[in-house]
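Have a look at the structure below before the remarks.
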2 protein chains.
Amino acid sequence: MLKIAKESPHDPKRNLILAALPARDYERMLPYLEFIAMPLGWRMSESGDHVNFLHFPTTGIVSLIYDLENGASSEVALVGNEGMVGISIFMGGDSMPSSTEVQSAGYAYRLSRKIMKQEFALGGELQHLALLFTQALISQTSQTAVCNQHHSMAQRLSRWLLMSLDRMHDDKLMVTQELIGNLLGVRRESVTEAAGKLQKDGLITYSRGVIKVVDRPGLEMQVCECYEAVKQEYARLLTTPVFKKGLK
Amino acid sequence: MLKIAKESPHDPKRNLILAALPARDYERMLPYLEFIAMPLGWRMSESGDHVNFLHFPTTGIVSLIYDLENGASSEVALVGNEGMVGISIFMGGDSMPSSTEVQSAGYAYRLSRKIMKQEFALGGELQHLALLFTQALISQTSQTAVCNQHHSMAQRLSRWLLMSLDRMHDDKLMVTQELIGNLLGVRRESVTEAAGKLQKDGLITYSRGVIKVVDRPGLEMQVCECYEAVKQEYARLLTTPVFKKGLK
DNA sequence: ATTGTTATGTTCGCTGGCGAACATAAGCGC
DNA sequence: GCGCTTATGTTCGCCAGCGAACATAACAAT
């Protein structure tokens, strides 16, 4: 049998929700967790699709996106290994108006709708964590709504870079400005301008689909408050139970 | 004993969540439901407050608001008799970064945190409805994020008017343009301009804190898609169980 | 090395909402 | 009726992001 390193995407506990589960719950679920690759650009679900799996990313990043009739769209939230994708399964609605798309390639473990509903219905720690994560997601979405309206492109780009970085293993993002534009709901040119400014200020460097953050503290200095606000709320809601479990 | 008319704010079943509960659950909760007035402008909770009650409005409207450091703010969702206020109680986070404010005076029944957690833990229809409502709230918030970014003032004002109207009993809104500006995260002058346009087009009339919608179909004609999108999603998620129960 | 493709750079005029300052006007207290 | 407060009307210059058009530059394939 292969030994799996802790840092490998194959370790289910790289996903923080799975990692926070009590041993008993974790082991009961383990046989049903299916390892799956999330290639870059994969549209995991379209708006309104009946969702059949709950995904727990171990690496990679997934964007939750709202599309408008005229073709415009905006990302409303980012999910990485701190959370899960497909909450409508346990929230009861079966589908959501948002689409989900893999923004940075990686891996996930997935659980079938049936098993997840069973586990959720037990009312144990999984239910607790799932709901806490969902609350954090609401905060992220709400903050995005305010941020979209009140903050500049450069600030929003900075926030997006930092949030993506937090969900990555390294300091390089494989993403074109065109794609960022789609996610942020602005033109590619606006991204170019903002990115150029950040590069001139020595905060990032980029070239043809690769963005590298070279001065993270500097980036944090001039990002809008939304970044910290969301991060704090995730920490408040989600690190406590992990801690609790670690103490047991 | 006083007889309470069905249309009275004193009828708990004016709240659609309560109305959708099976008789057994409803009757068990009834003794714990406390009737309470929600006066205009009441700040039910501030950002980060530990929330002690879950409110089920029977009349009136509550705004969920995000505040920024510079004093700016934006409403991220509206809740009326179709839902509830204080979801962090059963979601597990105890508090939220948003504040809640009564935007249109009315009444509500409230349940203490303790009782609500008990009832939720039973895993029955209340849990089911609470989660469905929460999912609908996520949709509303997400749509707001996209709308804030892509649609004009006049459209967003129209959407806000229609959404408020849907949660009211009559066609008059008691609200100043100044207040609407705060909620929509724009200047009062921008509201004046947009409202002036709607009035000139014969869709609304207003004067000193009273807005009356005189041509609802006309308003619906030129509102952005976000209005219908959210409404449909609420209908999909929340009317089905009510129906089911009605058929039993 | 040549060519095609994709990513990024740059410009120009336009418009919606901003910030500030000030003007009217409707209701309220007395 | 008088004055005070609050709600709405109007103007002006400003700027961020838009839409469109086009220019360069890096990489890929052959």
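Residues in the structure tokens are numbered from 1 in each chain, the chains being A, B, ... in the order shown, and ligands are numbered from 1 in the order shown.
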What are the residues of chain A lining chain B at 9 Å or less? Count only C-alpha atoms, and put the answer as a PyMOL selection string. chain A and resi 65-69+72-77+87-88+90-93+96-98+121-123+128-139+141-150+185-186+225-226+229+233+236-237
Run DSSP on the backbone and grab whatever in stretch 3-111 of chain B lands in alpha helix (DSSP H); send it over as a ChimeraX atom specification. /B:16-19,23-29,88-91
Just write the chosen residues, N, CA and C atoms, as a short mmCIF file (atom, residue, chain, number, x, y, z; two decimals), in the first residue's frame.
data_model
loop_
_atom_site.label_atom_id
_atom_site.label_comp_id
_atom_site.auth_asym_id
_atom_site.auth_seq_id
_atom_site.Cartn_x
_atom_site.Cartn_y
_atom_site.Cartn_z
N LEU B 16 -44.42 33.10 6.82
CA LEU B 16 -44.56 31.94 5.95
C LEU B 16 -43.80 30.72 6.44
N ILE B 17 -42.70 30.93 7.16
CA ILE B 17 -41.98 29.78 7.69
C ILE B 17 -42.83 29.11 8.76
N LEU B 18 -43.35 29.90 9.67
CA LEU B 18 -44.20 29.35 10.72
C LEU B 18 -45.43 28.69 10.11
N ALA B 19 -45.96 29.32 9.08
CA ALA B 19 -47.16 28.79 8.44
C ALA B 19 -46.90 27.44 7.78
N ALA B 23 -48.42 20.82 11.96
CA ALA B 23 -49.18 21.23 13.13
C ALA B 23 -48.47 20.86 14.43
N ARG B 24 -47.93 19.67 14.48
CA ARG B 24 -47.31 19.22 15.71
C ARG B 24 -46.13 20.12 16.12
N ASP B 25 -45.26 20.39 15.15
CA ASP B 25 -44.11 21.25 15.43
C ASP B 25 -44.56 22.65 15.81
N TYR B 26 -45.52 23.14 15.05
CA TYR B 26 -46.02 24.50 15.29
C TYR B 26 -46.55 24.64 16.70
N GLU B 27 -47.36 23.67 17.10
CA GLU B 27 -47.98 23.78 18.42
C GLU B 27 -46.97 23.61 19.56
N ARG B 28 -45.96 22.83 19.31
CA ARG B 28 -44.94 22.69 20.34
C ARG B 28 -44.17 23.99 20.53
N MET B 29 -43.95 24.70 19.42
CA MET B 29 -43.19 25.95 19.50
C MET B 29 -44.02 27.12 20.00
N SER B 88 -27.72 33.23 12.38
CA SER B 88 -26.47 32.77 12.99
C SER B 88 -26.75 31.90 14.21
N ILE B 89 -27.95 31.99 14.75
CA ILE B 89 -28.30 31.15 15.90
C ILE B 89 -28.25 29.68 15.53
N PHE B 90 -28.85 29.33 14.42
CA PHE B 90 -28.84 27.90 14.08
C PHE B 90 -27.69 27.52 13.13
N MET B 91 -27.11 28.54 12.48
CA MET B 91 -25.94 28.24 11.64
C MET B 91 -24.71 27.99 12.51
#
Neighbours of chain D in chain B at 10 Å, counting only C-alpha atoms (C1' of nucleotides), as a ChimeraX atom specification: /B:176-178,188-189,192-193,196,207-209
When the cut-off is 8 Å and we count only C-alpha atoms (C1' of nucleotides), which residues of chain B are near chain C, given as JSON, numbers by chain? {"B": [152, 187, 190, 208]}
Need the shell around A:Leu173: protein/DNA/RNA residues with any atom at most 9 Å away, counting only C-alpha atoms (C1' of nucleotides). Skip same-chain ones fewer than 6 positions apart. Format as a list in words? Ser104, Leu161, Ser164, Leu165, Gly209, Val210, Ile211, Lys212 and Val213 of chain A
In Å, rounded to a single decimal, give me how far atom CA of A:His169 is from atom CA of A:Val85.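 Here the two named atoms are 19.2 Å from each other.
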Assign secondary structure with DSSP using the backbone only, and return the residues of stretch 6-160 of chain B in strand (DSSP E) as an MDAnalysis selection string. chainID B and resid 34:38 43:45 53:57 61:67 73:79 99:104 106:112
